[in-house]
Amino acid sequence: MKKQLFLGDEAVAQAAIDAGLSGVYSYPGTPSTEITEFIQTSPLAKERNIFSRWCANEKTALETALGMSYAGKRTLSCMKHVGLNVAADAFMNIAMSGINGGMIIVSADDPSMHSSQNEQDNRVYGNFAMIPIFEPSNQQEAYDMIYDGYELSEKLGYPILFRITTRMAHSRAGVVRREVKAQKSISLEENAHLKYILLPVNARRQYKKLLEMQDVFLAESEASPYNKYFDAPDKKLGIVACGIAFNYLQENYPDGFKNPVLKISQYPLPKKQLLKMTEECDEILVLEDGFPVVEEQLKGYLGKGLKIRGRLDGTLNRDGELNPDKVRKALGLDVITHYEIPTVVENRPPALCAGCGHRDVYEALNEVVKEYPTSKVFSDIGCYTLGALPPFRAIESCIDMGASITMAKGASEAGIYPAIAVIGDSTFTHSGMTGLLDCVNSNANVVIIISDNETTAMTGGQDSAATGRIHNICKGIGVAPEHLRAFVPLKKNFEEMKQIIREEIEYKGVSVIVPCRECIQTLKRKAKKK
């Protein structure tokens with residue numbers, strides 16, 4: 001079949017469709033967003049009635065995917081790395097229950113934090129849950145591993161964690177597709193309740209089963225075509241290259257490897273191949289994008305006192321993503337610079353778009369808080385995080401989804417006045433609603449600004465679960481209607497905006513203000529379509 005040019009994310013999406021996918025459940029987050037977007041716009045996915053809709057958060061997405069798997073159908077759940085923290089409760093317990101229809105969970109990790117608040121490596125989560133992990137080295141392998149991953153998931157009865165990184169997700173390469181498989185029909189398991197009801201009596205049995213499966217997972221990894229040992233004459237050094245790091249290594253050896261190389265793209269670690277390398281080589285260099293997950297395991301796991309080099313001993317930088325030049329330097333080769341970085345792709349600070357309603361909110365808020373010298377403004381994940389930068393410098397925090405409301409509550413209870421939270425509409429329904437419930441239950445003295453642009457703007461304008469519902473949600477949670485205020489954030493309303501913020505700061509209790517104006521970018525896209 002002819003090659004097609006795909007982003008790594010698109011290769012994942014196309015493979016899932018071709019492998020007989022029935023539903024994808026996700027929450028947008030860079031660098032994973034394009035997987036679900038591709039499925040949403042795919043004519044083949046539409047023809048096959050593949051269910052694809054953005055969920056309120058990663059936990060609801062993963063649980064919904066499990067429900068589809070329970071019914072015997074193949075399902076996909078995609079998120080950025082920090083999204084797996086939100087879904088962790090479900091994730092760890094799905095590893096206990098196992099699955100029915102094939103289930104793949106994509107974690108798109110972001111080493112170097114191009115668009116994230118940390119650079120956690122979710123292979124740690126995969127090891128924690130004790131389930132198989134796939135980590136492709138290029139786009140073709142990403143396609144093939146997803147395609148084959150559904151078969152393996154169903155054969156083993158467990159989900160597969162599929163880990164990619166930003167560079168893999170957002171770079172393009174030619175990919176050869178395989179035949180399109182039929183979708184699965186509904187097929188329910190006998191005595192399914194014994195594995196899906198994690199009462200202690202069942203959970204203990206399921207945990208023993210998961211432990212027993214570890215040898216099976218290891219055998220699959222050792223026999224996997226995605227893990228490969230390349231022999232070479234110079235045994236002074238053995239190189240373990242994981243995921244995309246293998247791609248970077250290949251770039252530095254276009255004529256073949258000089259040292260033995262073990263390519264790892266499937267976990268648990270293939271012990272036989274690793275032992276072969278330790279027996280043959282004087283020392284080992286570990287190349288992995290993210291945390292020193294493999295390097296740490298090798299130091300104790302083999303127990304041979306062999307010298308292991310990598311991120312822990314400074315051979316490679318401990319933080320940030322790898323690239324071919326960093327790998328070249330670790331190999332002791334001269335780094336050759338062929339190109340200068342064009343200014344158009346140099347790092348540049350992000351900024352709120354011209355015409356964005358958040359700008360007007362921050363300008364009004366900054367004017368009002370000047371009147372309250374002890375005020376603190378807690379913000380959240382999303383476009384409004386950019387209120388931290390000049391010219392606004394309006395916020396004190398940005399920790400995780402929903403933390404603005406709960407941090408404001410805690411600060412208020414510590415004596416901070418006024419304690420103000422700024423959160424977006426999508427983030428509010430993702431993780432802010434429960435914090436608001438805590439505020440209402442405690443009658444916390446907080447002002448919560450839900451800056452509503454009617455979309456999930458930061459990741460490109462996906463649907464927001466909050467659109468048209470914020471007022472009713474807040475009323476339902478228990479916010480007093482007279483302290484549930486709204487305005488349109490426009491320059492002409494500047495004095496009204498300030499007055500409303502001031503009045504609600506003066507109120508001693510829970511206030512919610514909803515500035516509502518459509519995202520300038522989604523508005524432009526709608527205008528272009530007309």
# chains A, B, ... in the order shown; residues from 1 in each chain; ligands from 1

call {"tool": "closest_atom_pairs", "arguments": {"of": "stretch 352-390 of chain A", "to": "stretch 398-416 of chain A", "cutoff": "12 Å", "atoms": "only C-alpha atoms", "output": "tab-separated table"}}
result
residue	atom	partner	partner_atom	distance
A:Tyr372	CA	A:Ile416	CA	10.7
A:Pro373	CA	A:Ile416	CA	10.5
A:Thr374	CA	A:Ile416	CA	6.8
A:Ser375	CA	A:Ile416	CA	6.8
A:Lys376	CA	A:Ile416	CA	7.3
A:Val377	CA	A:Ala408	CA	7.6
A:Phe378	CA	A:Ser404	CA	4.9
A:Ser379	CA	A:Ser404	CA	4.8
A:Asp380	CA	A:Cys398	CA	4.8
A:Ile381	CA	A:Met401	CA	5.5
A:Gly382	CA	A:Met401	CA	8.6
A:Cys383	CA	A:Cys398	CA	11.2
A:Tyr384	CA	A:Cys398	CA	9.7
A:Thr385	CA	A:Cys398	CA	6.7
A:Leu386	CA	A:Cys398	CA	9.9
A:Gly387	CA	A:Cys398	CA	10.3
A:Ala388	CA	A:Cys398	CA	9.0

call {"tool": "residues_around", "arguments": {"residues": "stretch 55-65 of chain A", "least_positions_apart": "3", "cutoff": "8 Å", "atoms": "only C-alpha atoms", "output": "ChimeraX atom specification"}}
result
/A:23-27,68-69,75-77,79,83-84,86-91,103,105,426,429-431,464-465

call {"tool": "write_last_selection", "arguments": {"atoms": "N, CA and C atoms", "output": "PDB file, in the first residue's frame"}}
result
ATOM      1  N   GLY A  23     -14.722   3.394  19.646  1.00  0.00           N
ATOM      2  CA  GLY A  23     -14.927   4.647  20.369  1.00  0.00           C
ATOM      3  C   GLY A  23     -13.642   5.219  20.919  1.00  0.00           C
ATOM      4  N   VAL A  24     -13.498   6.556  20.843  1.00  0.00           N
ATOM      5  CA  VAL A  24     -12.362   7.238  21.447  1.00  0.00           C
ATOM      6  C   VAL A  24     -12.897   8.245  22.456  1.00  0.00           C
ATOM      7  N   TYR A  25     -12.320   8.257  23.652  1.00  0.00           N
ATOM      8  CA  TYR A  25     -12.771   9.135  24.731  1.00  0.00           C
ATOM      9  C   TYR A  25     -11.547   9.849  25.303  1.00  0.00           C
ATOM     10  N   SER A  26     -11.560  11.182  25.266  1.00  0.00           N
ATOM     11  CA  SER A  26     -10.352  11.942  25.575  1.00  0.00           C
ATOM     12  C   SER A  26     -10.701  13.286  26.192  1.00  0.00           C
ATOM     13  N   TYR A  27      -9.676  13.935  26.727  1.00  0.00           N
ATOM     14  CA  TYR A  27      -9.751  15.347  27.076  1.00  0.00           C
ATOM     15  C   TYR A  27      -8.578  16.012  26.360  1.00  0.00           C
ATOM     16  N   MET A  68     -16.964   0.839  27.255  1.00  0.00           N
ATOM     17  CA  MET A  68     -17.049   0.297  25.888  1.00  0.00           C
ATOM     18  C   MET A  68     -16.291  -1.028  25.791  1.00  0.00           C
ATOM     19  N   SER A  69     -15.145  -1.094  26.462  1.00  0.00           N
ATOM     20  CA  SER A  69     -14.379  -2.343  26.476  1.00  0.00           C
ATOM     21  C   SER A  69     -15.171  -3.448  27.176  1.00  0.00           C
ATOM     22  N   THR A  75     -11.456   0.173  22.087  1.00  0.00           N
ATOM     23  CA  THR A  75     -11.608   1.557  22.516  1.00  0.00           C
ATOM     24  C   THR A  75     -10.242   2.192  22.759  1.00  0.00           C
ATOM     25  N   LEU A  76     -10.247   3.529  22.705  1.00  0.00           N
ATOM     26  CA  LEU A  76      -9.012   4.305  22.837  1.00  0.00           C
ATOM     27  C   LEU A  76      -9.292   5.470  23.770  1.00  0.00           C
ATOM     28  N   SER A  77      -8.348   5.783  24.640  1.00  0.00           N
ATOM     29  CA  SER A  77      -8.463   6.969  25.486  1.00  0.00           C
ATOM     30  C   SER A  77      -7.135   7.712  25.425  1.00  0.00           C
ATOM     31  N   MET A  79      -4.671  11.243  26.260  1.00  0.00           N
ATOM     32  CA  MET A  79      -4.474  12.375  27.172  1.00  0.00           C
ATOM     33  C   MET A  79      -3.016  12.772  27.163  1.00  0.00           C
ATOM     34  N   GLY A  83      -2.591  14.521  32.366  1.00  0.00           N
ATOM     35  CA  GLY A  83      -3.969  14.024  32.376  1.00  0.00           C
ATOM     36  C   GLY A  83      -4.068  12.662  33.029  1.00  0.00           C
ATOM     37  N   LEU A  84      -2.992  11.876  32.939  1.00  0.00           N
ATOM     38  CA  LEU A  84      -3.041  10.553  33.573  1.00  0.00           C
ATOM     39  C   LEU A  84      -3.054  10.671  35.092  1.00  0.00           C
ATOM     40  N   VAL A  86      -4.931  12.843  36.600  1.00  0.00           N
ATOM     41  CA  VAL A  86      -6.374  13.013  36.853  1.00  0.00           C
ATOM     42  C   VAL A  86      -7.080  11.663  36.735  1.00  0.00           C
ATOM     43  N   ALA A  87      -6.639  10.854  35.774  1.00  0.00           N
ATOM     44  CA  ALA A  87      -7.290   9.562  35.522  1.00  0.00           C
ATOM     45  C   ALA A  87      -6.671   8.430  36.341  1.00  0.00           C
ATOM     46  N   ALA A  88      -5.734   8.750  37.226  1.00  0.00           N
ATOM     47  CA  ALA A  88      -4.939   7.706  37.879  1.00  0.00           C
ATOM     48  C   ALA A  88      -5.781   6.721  38.688  1.00  0.00           C
ATOM     49  N   ASP A  89      -6.839   7.201  39.318  1.00  0.00           N
ATOM     50  CA  ASP A  89      -7.670   6.306  40.119  1.00  0.00           C
ATOM     51  C   ASP A  89      -8.239   5.207  39.231  1.00  0.00           C
ATOM     52  N   ALA A  90      -8.838   5.628  38.122  1.00  0.00           N
ATOM     53  CA  ALA A  90      -9.386   4.644  37.183  1.00  0.00           C
ATOM     54  C   ALA A  90      -8.279   3.788  36.582  1.00  0.00           C
ATOM     55  N   PHE A  91      -7.170   4.413  36.213  1.00  0.00           N
ATOM     56  CA  PHE A  91      -6.077   3.712  35.535  1.00  0.00           C
ATOM     57  C   PHE A  91      -5.544   2.552  36.381  1.00  0.00           C
ATOM     58  N   MET A 103      -8.180  -2.395  24.636  1.00  0.00           N
ATOM     59  CA  MET A 103      -8.157  -1.036  25.181  1.00  0.00           C
ATOM     60  C   MET A 103      -6.733  -0.514  25.194  1.00  0.00           C
ATOM     61  N   ILE A 105      -4.484   3.000  26.098  1.00  0.00           N
ATOM     62  CA  ILE A 105      -4.485   4.301  26.772  1.00  0.00           C
ATOM     63  C   ILE A 105      -3.243   5.049  26.305  1.00  0.00           C
ATOM     64  N   SER A 426     -13.924  25.462  30.451  1.00  0.00           N
ATOM     65  CA  SER A 426     -13.644  24.033  30.304  1.00  0.00           C
ATOM     66  C   SER A 426     -12.943  23.491  31.547  1.00  0.00           C
ATOM     67  N   THR A 429     -15.403  22.787  34.448  1.00  0.00           N
ATOM     68  CA  THR A 429     -16.126  21.505  34.449  1.00  0.00           C
ATOM     69  C   THR A 429     -15.164  20.319  34.545  1.00  0.00           C
ATOM     70  N   HIS A 430     -13.906  20.518  34.137  1.00  0.00           N
ATOM     71  CA  HIS A 430     -12.904  19.438  34.267  1.00  0.00           C
ATOM     72  C   HIS A 430     -12.636  19.120  35.737  1.00  0.00           C
ATOM     73  N   SER A 431     -12.293  20.150  36.520  1.00  0.00           N
ATOM     74  CA  SER A 431     -11.871  19.885  37.903  1.00  0.00           C
ATOM     75  C   SER A 431     -12.234  20.992  38.879  1.00  0.00           C
ATOM     76  N   SER A 464     -16.285  22.644  24.793  1.00  0.00           N
ATOM     77  CA  SER A 464     -16.202  22.727  26.248  1.00  0.00           C
ATOM     78  C   SER A 464     -17.466  22.125  26.839  1.00  0.00           C
ATOM     79  N   ALA A 465     -17.294  21.276  27.837  1.00  0.00           N
ATOM     80  CA  ALA A 465     -18.455  20.647  28.484  1.00  0.00           C
ATOM     81  C   ALA A 465     -19.304  21.670  29.218  1.00  0.00           C
TER      82      ALA A 465
END

call {"tool": "closest_residue", "arguments": {"among": "A:Gln521, A:Gln499, A:Asn443, A:Asn252", "to": "A:Val369", "atoms": "only C-alpha atoms"}}
result
A:Gln499

call {"tool": "select_by_dssp", "arguments": {"residues": "stretch 84-183 of chain A", "states": "helix (DSSP H, G or I)", "output": "JSON, numbers by chain"}}
result
{"A": [84, 85, 86, 88, 89, 90, 91, 92, 93, 94, 95, 96, 97, 123, 124, 125, 126, 127, 128, 129, 139, 140, 141, 142, 143, 144, 145, 146, 147, 148, 149, 150, 151, 152, 153, 154, 155, 156, 166, 167, 168, 169]}

call {"tool": "residues_around", "arguments": {"residues": "A:Phe487", "least_positions_apart": "4", "cutoff": "10 Å", "atoms": "only C-alpha atoms", "output": "ChimeraX atom specification"}}
result
/A:361,493-494,496-497,500,513-517

call {"tool": "write_last_selection", "arguments": {"atoms": "C-alpha atoms", "output": "PDB file, in the first residue's frame"}}
result
ATOM      1  CA  VAL A 361     -11.061  40.678  32.545  1.00  0.00           C
ATOM      2  CA  ASN A 493     -18.210  47.689  29.819  1.00  0.00           C
ATOM      3  CA  PHE A 494     -15.014  48.423  31.744  1.00  0.00           C
ATOM      4  CA  GLU A 496     -19.430  47.913  34.979  1.00  0.00           C
ATOM      5  CA  MET A 497     -16.883  45.063  35.167  1.00  0.00           C
ATOM      6  CA  ILE A 500     -19.259  44.009  39.823  1.00  0.00           C
ATOM      7  CA  ILE A 513     -18.570  36.055  38.354  1.00  0.00           C
ATOM      8  CA  VAL A 514     -18.897  34.789  34.768  1.00  0.00           C
ATOM      9  CA  PRO A 515     -17.372  37.083  32.115  1.00  0.00           C
ATOM     10  CA  CYS A 516     -18.619  35.576  28.847  1.00  0.00           C
ATOM     11  CA  ARG A 517     -17.349  36.342  25.346  1.00  0.00           C
TER      12      ARG A 517
END

call {"tool": "closest_atom_pairs", "arguments": {"of": "stretch 1-33 of chain A", "to": "stretch 185-203 of chain A", "cutoff": "12 Å", "atoms": "only C-alpha atoms", "output": "Markdown table"}}
result
| residue | atom | partner | partner_atom | distance |
| --- | --- | --- | --- | --- |
| A:Gly20 | CA | A:Ser185 | CA | 10.3 |
| A:Leu21 | CA | A:Ser185 | CA | 11.1 |
| A:Ser22 | CA | A:Ser185 | CA | 9.5 |

call {"tool": "select_by_dssp", "arguments": {"residues": "stretch 396-436 of chain A", "states": "strand (DSSP E)", "output": "list in words"}}
result
Ala419, Ile420, Ala421, Val422, Ile423 and Gly424 of chain A

call {"tool": "write_last_selection", "arguments": {"atoms": "all heavy atoms", "output": "compact mmCIF listing (two decimals), in the first residue's frame"}}
result
# COMPACT_ATOMS: atom_id res chain seq x y z
N ALA A 419 -9.49 36.80 48.52
CA ALA A 419 -8.91 35.64 47.83
C ALA A 419 -9.74 35.41 46.57
O ALA A 419 -10.96 35.17 46.66
CB ALA A 419 -8.94 34.42 48.73
N ILE A 420 -9.09 35.52 45.43
CA ILE A 420 -9.80 35.50 44.15
C ILE A 420 -9.25 34.36 43.30
O ILE A 420 -8.03 34.16 43.21
CB ILE A 420 -9.60 36.85 43.41
CG1 ILE A 420 -10.15 37.99 44.27
CG2 ILE A 420 -10.28 36.83 42.04
CD1 ILE A 420 -9.73 39.37 43.80
N ALA A 421 -10.15 33.61 42.67
CA ALA A 421 -9.74 32.53 41.76
C ALA A 421 -10.17 32.90 40.35
O ALA A 421 -11.27 33.41 40.13
CB ALA A 421 -10.39 31.22 42.17
N VAL A 422 -9.28 32.62 39.38
CA VAL A 422 -9.63 32.78 37.96
C VAL A 422 -9.50 31.42 37.29
O VAL A 422 -8.46 30.76 37.40
CB VAL A 422 -8.70 33.80 37.26
CG1 VAL A 422 -9.07 33.91 35.78
CG2 VAL A 422 -8.79 35.16 37.93
N ILE A 423 -10.55 31.00 36.62
CA ILE A 423 -10.57 29.69 35.98
C ILE A 423 -11.37 29.81 34.69
O ILE A 423 -12.24 30.68 34.57
CB ILE A 423 -11.18 28.63 36.95
CG1 ILE A 423 -11.00 27.21 36.42
CG2 ILE A 423 -12.64 28.92 37.24
CD1 ILE A 423 -11.34 26.13 37.44
N GLY A 424 -11.09 28.94 33.73
CA GLY A 424 -11.82 28.98 32.46
C GLY A 424 -13.03 28.06 32.50
O GLY A 424 -13.19 27.26 33.42

call {"tool": "closest_residue", "arguments": {"among": "A:Val368, A:Leu331, A:Val175, A:Leu287", "to": "A:Tyr143", "atoms": "only C-alpha atoms"}}
result
A:Val175

call {"tool": "closest_atom_pairs", "arguments": {"of": "stretch 125-144 of chain A", "to": "stretch 217-234 of chain A", "cutoff": "10 Å", "atoms": "only C-alpha atoms", "output": "CSV"}}
result
residue,atom,partner,partner_atom,distance
A:Met130,CA,A:Phe217,CA,9.1
A:Ile131,CA,A:Phe217,CA,7.6
A:Pro132,CA,A:Phe217,CA,6.4
A:Ile133,CA,A:Ser221,CA,9.3
A:Phe134,CA,A:Tyr226,CA,8.8
A:Glu135,CA,A:Tyr226,CA,9.1
A:Pro136,CA,A:Tyr226,CA,8.1
A:Ser137,CA,A:Tyr226,CA,9.1
A:Glu141,CA,A:Tyr226,CA,8.1
A:Asp144,CA,A:Tyr226,CA,9.6

call {"tool": "closest_atom_pairs", "arguments": {"of": "stretch 117-236 of chain A", "to": "stretch 30-42 of chain A", "cutoff": "9 Å", "atoms": "only C-alpha atoms", "output": "JSON lines"}}
result
{"residue": "A:Ile164", "atom": "CA", "partner": "A:Ser32", "partner_atom": "CA", "distance": 8.8}
{"residue": "A:Thr165", "atom": "CA", "partner": "A:Pro31", "partner_atom": "CA", "distance": 7.7}
{"residue": "A:Thr166", "atom": "CA", "partner": "A:Pro31", "partner_atom": "CA", "distance": 5.6}
{"residue": "A:Arg167", "atom": "CA", "partner": "A:Pro31", "partner_atom": "CA", "distance": 8.9}
{"residue": "A:Ala169", "atom": "CA", "partner": "A:Pro31", "partner_atom": "CA", "distance": 6.3}
{"residue": "A:His170", "atom": "CA", "partner": "A:Pro31", "partner_atom": "CA", "distance": 7.2}

call {"tool": "atom_distance", "arguments": {"atom1": "atom CA of A:Met113", "atom2": "atom CA of A:Leu269"}}
result
26.2 Å

call {"tool": "residues_around", "arguments": {"residues": "A:Arg318", "least_positions_apart": "2", "cutoff": "12 Å", "atoms": "only C-alpha atoms", "output": "list of chain:residue names"}}
result
A:Pro111, A:Ser112, A:Glu119, A:Leu287, A:Glu288, A:Asp289, A:Gly290, A:Phe291, A:Pro292, A:Val293, A:Glu295, A:Arg309, A:Gly310, A:Arg311, A:Leu312, A:Asp313, A:Gly314, A:Thr315, A:Leu316, A:Gly320, A:Glu321, A:Leu322, A:Lys326

call {"tool": "write_last_selection", "arguments": {"atoms": "C-alpha atoms", "output": "mmCIF file, in the first residue's frame"}}
result
data_model
loop_
_atom_site.group_PDB
_atom_site.id
_atom_site.type_symbol
_atom_site.label_atom_id
_atom_site.label_comp_id
_atom_site.auth_asym_id
_atom_site.auth_seq_id
_atom_site.Cartn_x
_atom_site.Cartn_y
_atom_site.Cartn_z
ATOM 1 C CA PRO A 111 9.820 16.322 27.995
ATOM 2 C CA SER A 112 11.222 19.870 28.024
ATOM 3 C CA GLU A 119 7.779 16.668 32.371
ATOM 4 C CA LEU A 287 19.244 6.577 25.936
ATOM 5 C CA GLU A 288 15.665 7.389 26.962
ATOM 6 C CA ASP A 289 13.515 10.480 26.506
ATOM 7 C CA GLY A 290 12.146 11.549 29.881
ATOM 8 C CA PHE A 291 13.014 10.134 33.277
ATOM 9 C CA PRO A 292 15.881 7.649 33.854
ATOM 10 C CA VAL A 293 13.290 4.879 34.182
ATOM 11 C CA GLU A 295 18.653 3.409 33.815
ATOM 12 C CA ARG A 309 25.711 5.628 32.013
ATOM 13 C CA GLY A 310 22.823 7.934 31.140
ATOM 14 C CA ARG A 311 20.911 10.750 32.766
ATOM 15 C CA LEU A 312 21.862 9.888 36.337
ATOM 16 C CA ASP A 313 25.647 10.208 35.965
ATOM 17 C CA GLY A 314 25.525 13.346 33.799
ATOM 18 C CA THR A 315 26.374 11.656 30.472
ATOM 19 C CA LEU A 316 23.022 13.057 29.325
ATOM 20 C CA GLY A 320 14.622 18.169 28.951
ATOM 21 C CA GLU A 321 14.030 16.137 25.806
ATOM 22 C CA LEU A 322 16.700 14.280 23.878
ATOM 23 C CA LYS A 326 22.612 15.265 22.615
#
